[in-house]
Structure formats: structure tokens, C-alpha cells
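Below is one structure, written out as C-alpha cells, with a few remarks after it.
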Amino acid sequence: MMTSSVKAMVFDVYGTLFDVHSIQSACEKVYPEKGLEISREWRLKQLEYSFLRQIMGCYQPFSAVTRDALRYVLKELQLEGGREVEEELMNAYRSLHLYPEVKEVLKELSDKKLAVCSNGSRDMLLPLMQTCGLDSFFTHIVSVEDVEQFKPSPGTYAFMQEKLGLKKEEILFLSSNGWDIAGAKSYGFLTAWINRGNLPPEELQLAADFIYRDLRSLLDQQ
């Protein structure tokens, strides 16, 4: 059961609130029969580049990381790119599909302080949230751009805690990404893994406190 000590819920965005692979349709439009492959490889390279930049200490905003990842994938798959294609697909990333249960669940959680903590840079994150009216549910929409440290760096979770002004154990961090859950757990937050892909836990000895198949399952434990 969800602990009564939780005063704030902090949500990851990409993969947790929004389906990153809904970009597939935009990719398919430009590159027929390649949409799924581009979507998968783009996401993997996007994460890889953010991790590498964090390790190397050479931060670039997530929009730049995402564009660089796209350029690499198109070259890897031997597909013709160019500025026009990049802009079309980057714009599509600012209108990813919201998972169907998200708004319903957020409405039911109105007794909690709700916040967002995302690797997304503000030029990607804010349009995405505002287009579907999701920004109105949250007291804080935090981008790691403010600290120039990508999750799962401890500094990003510390910044989120500072914004909320709460103890670590009063914050429940929710993400569909196992690596993000491990980072938040290592920092000291309570964690809820939204395991949309029915994946095994990461072998990092940092197990989530709660595991749900989607956000609607979270309400069943309230």
C-alpha cells in the first residue's frame, strides 16, 4: 500500500507520462517501413548520449542531444537526412502522445503536491506539457537544464528535493525507466516503477519500493 507519509509525487515525463515511441508515426511518414526501427534506435542513442555527456562533464540541452542522436541514427541506417527532415521530426517530439490514463490519474491525486522532473530541456518539455494541458496539474515542472546534470545524477534529484522543500522520505518518485528509478532510489526517494514494458528489474541492487503496470494501477493502492 502507498505510504501515508508521502507529501509529493514527482513524475518523470518521457516514457512515463508520454509515449516516446509515438514518434514512430512521424518517422514512418518520412521514411516508410523504417518508423519503428528509427524510433527504437533514436531513443536508445538519445539516452546513451545523455549518459555519456553526464559522465564526460560536457552538458548540452536535451534538445541538442536528441537532434544529435537522430543524426547518428539516420547515418547508421543510411537514410538521407538534412535540416528539413530534422526539424519535422524534432517538432514531432514536442507533440508525443499522452498515455491514455494520465489525466484521469492526476485528477485523482489532487490531494498530493505533484511535480515533474525531466531530462527534457525547456524548449522540448514546456510545449509538450502545454499542448495537452498537462502543465496545470503540477506545482513544479523541473528541467535538468537548471542544474545541467542529466538524471540519474544525484544532483538532479537533490535539486528537485530543494524545490519541494520536503524530506527525501516524503517524496515518491515515479518513472517508467529502470535506470531513473535506480537513481532516485540511490538518492533516497521512495520510488514507484511504472513498468509499462513488463521488463525485469535492473541488476543494480536498487529495487523500487512499488511496481505498477501503469499509472492507473497506482490508484488501486491508494
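Residues in the C-alpha cells are numbered from 1 in each chain, the chains being A, B, ... in the order shown, and ligands are numbered from 1 in the order shown.
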Please list as a PyMOL selection string every residue within 12 Å of Leu125 of chain A, counting only C-alpha atoms and excluding residues in the same chain fewer than 4 positions away.
chain A and resi 12-14+17-18+61-63+91+93-96+116-121+129-132+134-135+141-145
Find the spatial neighbours of segment 174-179 of chain A, counting only C-alpha atoms, within a cut-off of 9 Å - ignore same-chain residues fewer than 6 positions away - and output them as a PyMOL selection string.
chain A and resi 9-17+151-152+190-197+199+201-202+204+208+214
Filtering to N, CA and C atoms, could you give me those residues as a PDB file, in the first residue's frame?
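Saved to out18.pdb:
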ATOM      1  N   MET A   9       4.461  13.795  -5.118  1.00  0.00           N
ATOM      2  CA  MET A   9       4.758  12.799  -6.134  1.00  0.00           C
ATOM      3  C   MET A   9       5.456  13.498  -7.290  1.00  0.00           C
ATOM      4  N   VAL A  10       6.610  12.971  -7.654  1.00  0.00           N
ATOM      5  CA  VAL A  10       7.415  13.549  -8.728  1.00  0.00           C
ATOM      6  C   VAL A  10       7.432  12.577  -9.899  1.00  0.00           C
ATOM      7  N   PHE A  11       7.005  13.061 -11.054  1.00  0.00           N
ATOM      8  CA  PHE A  11       6.880  12.211 -12.238  1.00  0.00           C
ATOM      9  C   PHE A  11       7.974  12.498 -13.253  1.00  0.00           C
ATOM     10  N   ASP A  12       8.573  11.441 -13.758  1.00  0.00           N
ATOM     11  CA  ASP A  12       9.356  11.530 -14.982  1.00  0.00           C
ATOM     12  C   ASP A  12       8.375  11.796 -16.129  1.00  0.00           C
ATOM     13  N   VAL A  13       8.871  12.245 -17.272  1.00  0.00           N
ATOM     14  CA  VAL A  13       7.989  12.600 -18.391  1.00  0.00           C
ATOM     15  C   VAL A  13       8.063  11.599 -19.529  1.00  0.00           C
ATOM     16  N   TYR A  14       9.263  11.437 -20.107  1.00  0.00           N
ATOM     17  CA  TYR A  14       9.410  10.619 -21.313  1.00  0.00           C
ATOM     18  C   TYR A  14       9.332   9.129 -20.991  1.00  0.00           C
ATOM     19  N   GLY A  15       8.284   8.493 -21.482  1.00  0.00           N
ATOM     20  CA  GLY A  15       8.060   7.076 -21.214  1.00  0.00           C
ATOM     21  C   GLY A  15       7.147   6.842 -20.036  1.00  0.00           C
ATOM     22  N   THR A  16       6.961   7.842 -19.199  1.00  0.00           N
ATOM     23  CA  THR A  16       6.122   7.722 -18.006  1.00  0.00           C
ATOM     24  C   THR A  16       4.765   8.382 -18.222  1.00  0.00           C
ATOM     25  N   LEU A  17       4.788   9.650 -18.647  1.00  0.00           N
ATOM     26  CA  LEU A  17       3.556  10.365 -18.977  1.00  0.00           C
ATOM     27  C   LEU A  17       3.271  10.330 -20.482  1.00  0.00           C
ATOM     28  N   LYS A 151      19.714  13.215 -15.242  1.00  0.00           N
ATOM     29  CA  LYS A 151      19.414  12.027 -14.435  1.00  0.00           C
ATOM     30  C   LYS A 151      20.099  10.831 -15.091  1.00  0.00           C
ATOM     31  N   PRO A 152      20.624   9.899 -14.271  1.00  0.00           N
ATOM     32  CA  PRO A 152      20.412   9.719 -12.835  1.00  0.00           C
ATOM     33  C   PRO A 152      21.488  10.325 -11.934  1.00  0.00           C
ATOM     34  N   LEU A 190      11.537   7.604  -2.029  1.00  0.00           N
ATOM     35  CA  LEU A 190      10.665   6.461  -2.272  1.00  0.00           C
ATOM     36  C   LEU A 190      10.440   6.387  -3.779  1.00  0.00           C
ATOM     37  N   THR A 191      10.308   5.187  -4.307  1.00  0.00           N
ATOM     38  CA  THR A 191      10.211   5.054  -5.756  1.00  0.00           C
ATOM     39  C   THR A 191       9.070   4.140  -6.171  1.00  0.00           C
ATOM     40  N   ALA A 192       8.445   4.500  -7.295  1.00  0.00           N
ATOM     41  CA  ALA A 192       7.414   3.667  -7.907  1.00  0.00           C
ATOM     42  C   ALA A 192       7.775   3.484  -9.373  1.00  0.00           C
ATOM     43  N   TRP A 193       8.045   2.245  -9.741  1.00  0.00           N
ATOM     44  CA  TRP A 193       8.407   1.926 -11.118  1.00  0.00           C
ATOM     45  C   TRP A 193       7.137   1.633 -11.906  1.00  0.00           C
ATOM     46  N   ILE A 194       6.884   2.439 -12.929  1.00  0.00           N
ATOM     47  CA  ILE A 194       5.740   2.223 -13.809  1.00  0.00           C
ATOM     48  C   ILE A 194       6.234   1.327 -14.944  1.00  0.00           C
ATOM     49  N   ASN A 195       6.113   0.044 -14.736  1.00  0.00           N
ATOM     50  CA  ASN A 195       6.735  -0.943 -15.640  1.00  0.00           C
ATOM     51  C   ASN A 195       5.814  -1.241 -16.821  1.00  0.00           C
ATOM     52  N   ARG A 196       5.717  -0.275 -17.722  1.00  0.00           N
ATOM     53  CA  ARG A 196       4.817  -0.404 -18.865  1.00  0.00           C
ATOM     54  C   ARG A 196       5.232  -1.531 -19.807  1.00  0.00           C
ATOM     55  N   GLY A 197       6.510  -1.824 -19.873  1.00  0.00           N
ATOM     56  CA  GLY A 197       7.000  -2.836 -20.804  1.00  0.00           C
ATOM     57  C   GLY A 197       7.119  -4.221 -20.221  1.00  0.00           C
ATOM     58  N   LEU A 199       9.120  -5.372 -17.969  1.00  0.00           N
ATOM     59  CA  LEU A 199      10.541  -5.688 -18.008  1.00  0.00           C
ATOM     60  C   LEU A 199      11.031  -6.227 -16.665  1.00  0.00           C
ATOM     61  N   PRO A 201      13.536  -6.217 -13.399  1.00  0.00           N
ATOM     62  CA  PRO A 201      14.234  -5.120 -12.709  1.00  0.00           C
ATOM     63  C   PRO A 201      15.690  -5.034 -13.144  1.00  0.00           C
ATOM     64  N   GLU A 202      16.237  -3.825 -13.099  1.00  0.00           N
ATOM     65  CA  GLU A 202      17.652  -3.633 -13.380  1.00  0.00           C
ATOM     66  C   GLU A 202      18.493  -4.331 -12.305  1.00  0.00           C
ATOM     67  N   LEU A 204      20.932  -3.611 -10.377  1.00  0.00           N
ATOM     68  CA  LEU A 204      21.714  -2.553  -9.739  1.00  0.00           C
ATOM     69  C   LEU A 204      21.560  -2.548  -8.221  1.00  0.00           C
ATOM     70  N   ALA A 208      12.850  -0.912  -6.730  1.00  0.00           N
ATOM     71  CA  ALA A 208      11.779   0.054  -6.500  1.00  0.00           C
ATOM     72  C   ALA A 208      10.961  -0.338  -5.280  1.00  0.00           C
ATOM     73  N   ASP A 214       0.944   0.392 -14.875  1.00  0.00           N
ATOM     74  CA  ASP A 214       0.654   1.697 -15.463  1.00  0.00           C
ATOM     75  C   ASP A 214       0.263   2.634 -14.331  1.00  0.00           C
TER      76      ASP A 214
END
Mind pulling up the distance from atom CA of Lys168 of chain A to atom CA of Leu218 of chain A?
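Between these atoms lies a distance of 19.9 Å.
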Test item, alpha helix (DSSP H) assignment across segment 5-220 of chain A, answer as a ChimeraX atom specification
/A:24-30,35-56,62-76,83-93,102-108,122-131,154-164,178-187,215-220
Output for the residues just chosen: C-alpha atoms as an mmCIF file, in the first residue's frame:
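Okay, part_3.cif is ready:
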data_model
loop_
_atom_site.group_PDB
_atom_site.id
_atom_site.type_symbol
_atom_site.label_atom_id
_atom_site.label_comp_id
_atom_site.auth_asym_id
_atom_site.auth_seq_id
_atom_site.Cartn_x
_atom_site.Cartn_y
_atom_site.Cartn_z
ATOM 1 C CA GLN A 24 7.138 6.210 -34.859
ATOM 2 C CA SER A 25 4.277 7.541 -36.989
ATOM 3 C CA ALA A 26 6.171 10.749 -37.816
ATOM 4 C CA CYS A 27 9.285 8.724 -38.659
ATOM 5 C CA GLU A 28 7.230 6.372 -40.811
ATOM 6 C CA LYS A 29 5.791 9.301 -42.759
ATOM 7 C CA VAL A 30 9.269 10.477 -43.738
ATOM 8 C CA GLY A 35 9.467 4.174 -38.495
ATOM 9 C CA LEU A 36 9.714 1.512 -35.795
ATOM 10 C CA GLU A 37 13.436 0.981 -36.255
ATOM 11 C CA ILE A 38 14.185 4.713 -36.209
ATOM 12 C CA SER A 39 12.027 5.218 -33.111
ATOM 13 C CA ARG A 40 13.782 2.461 -31.168
ATOM 14 C CA GLU A 41 17.307 3.383 -32.204
ATOM 15 C CA TRP A 42 16.692 7.104 -31.708
ATOM 16 C CA ARG A 43 15.542 6.585 -28.119
ATOM 17 C CA LEU A 44 18.493 4.321 -27.293
ATOM 18 C CA LYS A 45 21.018 6.754 -28.756
ATOM 19 C CA GLN A 46 19.286 9.710 -27.072
ATOM 20 C CA LEU A 47 19.727 8.069 -23.664
ATOM 21 C CA GLU A 48 23.268 6.933 -24.452
ATOM 22 C CA TYR A 49 24.327 10.439 -25.424
ATOM 23 C CA SER A 50 22.791 11.975 -22.303
ATOM 24 C CA PHE A 51 24.610 9.435 -20.104
ATOM 25 C CA LEU A 52 27.897 9.953 -21.946
ATOM 26 C CA ARG A 53 27.656 13.725 -21.708
ATOM 27 C CA GLN A 54 26.963 13.460 -17.983
ATOM 28 C CA ILE A 55 29.972 11.201 -17.453
ATOM 29 C CA MET A 56 32.246 13.374 -19.585
ATOM 30 C CA PHE A 62 18.300 17.615 -24.240
ATOM 31 C CA SER A 63 17.066 19.132 -27.488
ATOM 32 C CA ALA A 64 20.660 19.165 -28.791
ATOM 33 C CA VAL A 65 21.247 15.627 -27.523
ATOM 34 C CA THR A 66 18.040 14.464 -29.184
ATOM 35 C CA ARG A 67 18.974 16.092 -32.501
ATOM 36 C CA ASP A 68 22.481 14.601 -32.396
ATOM 37 C CA ALA A 69 21.009 11.169 -31.686
ATOM 38 C CA LEU A 70 18.672 11.499 -34.664
ATOM 39 C CA ARG A 71 21.529 12.500 -36.956
ATOM 40 C CA TYR A 72 23.550 9.495 -35.859
ATOM 41 C CA VAL A 73 20.682 7.046 -36.358
ATOM 42 C CA LEU A 74 19.902 8.320 -39.852
ATOM 43 C CA LYS A 75 23.548 7.897 -40.790
ATOM 44 C CA GLU A 76 23.687 4.457 -39.189
ATOM 45 C CA ARG A 83 17.752 20.246 -41.853
ATOM 46 C CA GLU A 84 14.176 19.995 -43.115
ATOM 47 C CA VAL A 85 13.791 16.375 -42.001
ATOM 48 C CA GLU A 86 15.421 17.112 -38.646
ATOM 49 C CA GLU A 87 13.037 19.974 -37.961
ATOM 50 C CA GLU A 88 9.995 17.902 -38.897
ATOM 51 C CA LEU A 89 10.935 15.059 -36.569
ATOM 52 C CA MET A 90 12.112 17.333 -33.743
ATOM 53 C CA ASN A 91 8.779 19.171 -33.900
ATOM 54 C CA ALA A 92 7.010 15.812 -33.714
ATOM 55 C CA TYR A 93 8.911 15.106 -30.483
ATOM 56 C CA VAL A 102 -2.581 10.047 -17.276
ATOM 57 C CA LYS A 103 -5.089 12.898 -16.870
ATOM 58 C CA GLU A 104 -7.614 10.700 -15.051
ATOM 59 C CA VAL A 105 -4.979 9.602 -12.554
ATOM 60 C CA LEU A 106 -3.593 13.090 -11.962
ATOM 61 C CA LYS A 107 -7.087 14.375 -11.193
ATOM 62 C CA GLU A 108 -7.447 11.677 -8.531
ATOM 63 C CA ARG A 122 12.544 23.565 -21.533
ATOM 64 C CA ASP A 123 12.245 24.111 -25.297
ATOM 65 C CA MET A 124 11.083 20.478 -25.590
ATOM 66 C CA LEU A 125 9.371 19.962 -22.254
ATOM 67 C CA LEU A 126 7.122 23.006 -21.944
ATOM 68 C CA PRO A 127 5.492 22.779 -25.406
ATOM 69 C CA LEU A 128 4.888 19.072 -24.813
ATOM 70 C CA MET A 129 3.177 19.695 -21.477
ATOM 71 C CA GLN A 130 1.234 22.766 -22.580
ATOM 72 C CA THR A 131 -0.131 21.336 -25.828
ATOM 73 C CA PRO A 154 22.300 12.713 -7.673
ATOM 74 C CA GLY A 155 22.421 16.457 -8.276
ATOM 75 C CA THR A 156 19.179 16.403 -10.261
ATOM 76 C CA TYR A 157 17.239 14.641 -7.509
ATOM 77 C CA ALA A 158 18.767 16.951 -4.894
ATOM 78 C CA PHE A 159 17.619 19.954 -6.910
ATOM 79 C CA MET A 160 14.118 18.502 -7.084
ATOM 80 C CA GLN A 161 14.058 17.970 -3.330
ATOM 81 C CA GLU A 162 15.215 21.541 -2.750
ATOM 82 C CA LYS A 163 12.392 22.831 -4.960
ATOM 83 C CA LEU A 164 9.800 20.868 -2.987
ATOM 84 C CA GLY A 178 14.517 1.453 -14.576
ATOM 85 C CA TRP A 179 17.719 3.489 -14.604
ATOM 86 C CA ASP A 180 15.800 6.553 -13.355
ATOM 87 C CA ILE A 181 14.208 4.550 -10.557
ATOM 88 C CA ALA A 182 17.646 3.287 -9.546
ATOM 89 C CA GLY A 183 18.991 6.837 -9.472
ATOM 90 C CA ALA A 184 16.118 8.158 -7.372
ATOM 91 C CA LYS A 185 16.298 5.177 -5.016
ATOM 92 C CA SER A 186 20.053 5.629 -4.590
ATOM 93 C CA TYR A 187 19.455 9.276 -3.699
ATOM 94 C CA LEU A 215 -0.389 4.822 -13.599
ATOM 95 C CA ARG A 216 -3.961 3.628 -13.136
ATOM 96 C CA SER A 217 -2.634 0.778 -11.000
ATOM 97 C CA LEU A 218 -1.251 3.429 -8.671
ATOM 98 C CA LEU A 219 -4.784 4.432 -7.673
ATOM 99 C CA ASP A 220 -5.631 0.879 -6.683
#
Enumerate, as a ChimeraX atom specification, the complete set of residues in segment 10-110 of chain A that a backbone-based DSSP assignment places in strand (DSSP E or B).
/A:10-11,14,18-19,97-98
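Computed from the coordinates, the atom CA of Lys112 of chain A to atom CA of Lys7 of chain A distance equals 5.8 Å.
Minimum atom-to-atom distances from A:Leu98, A:Val20, A:Leu166, A:Leu109 to Phe138 of chain A were compared using only C-alpha atoms, and the lowest value belongs to A:Leu109.
Of note, atom CA of His97 of chain A and atom CA of Ile23 of chain A are spaced 8.3 Å apart.
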Which is closest to Leu114 of chain A among A:Tyr99, A:Tyr59, A:Phe173, A:Phe150, if we use only C-alpha atoms?
A:Phe173
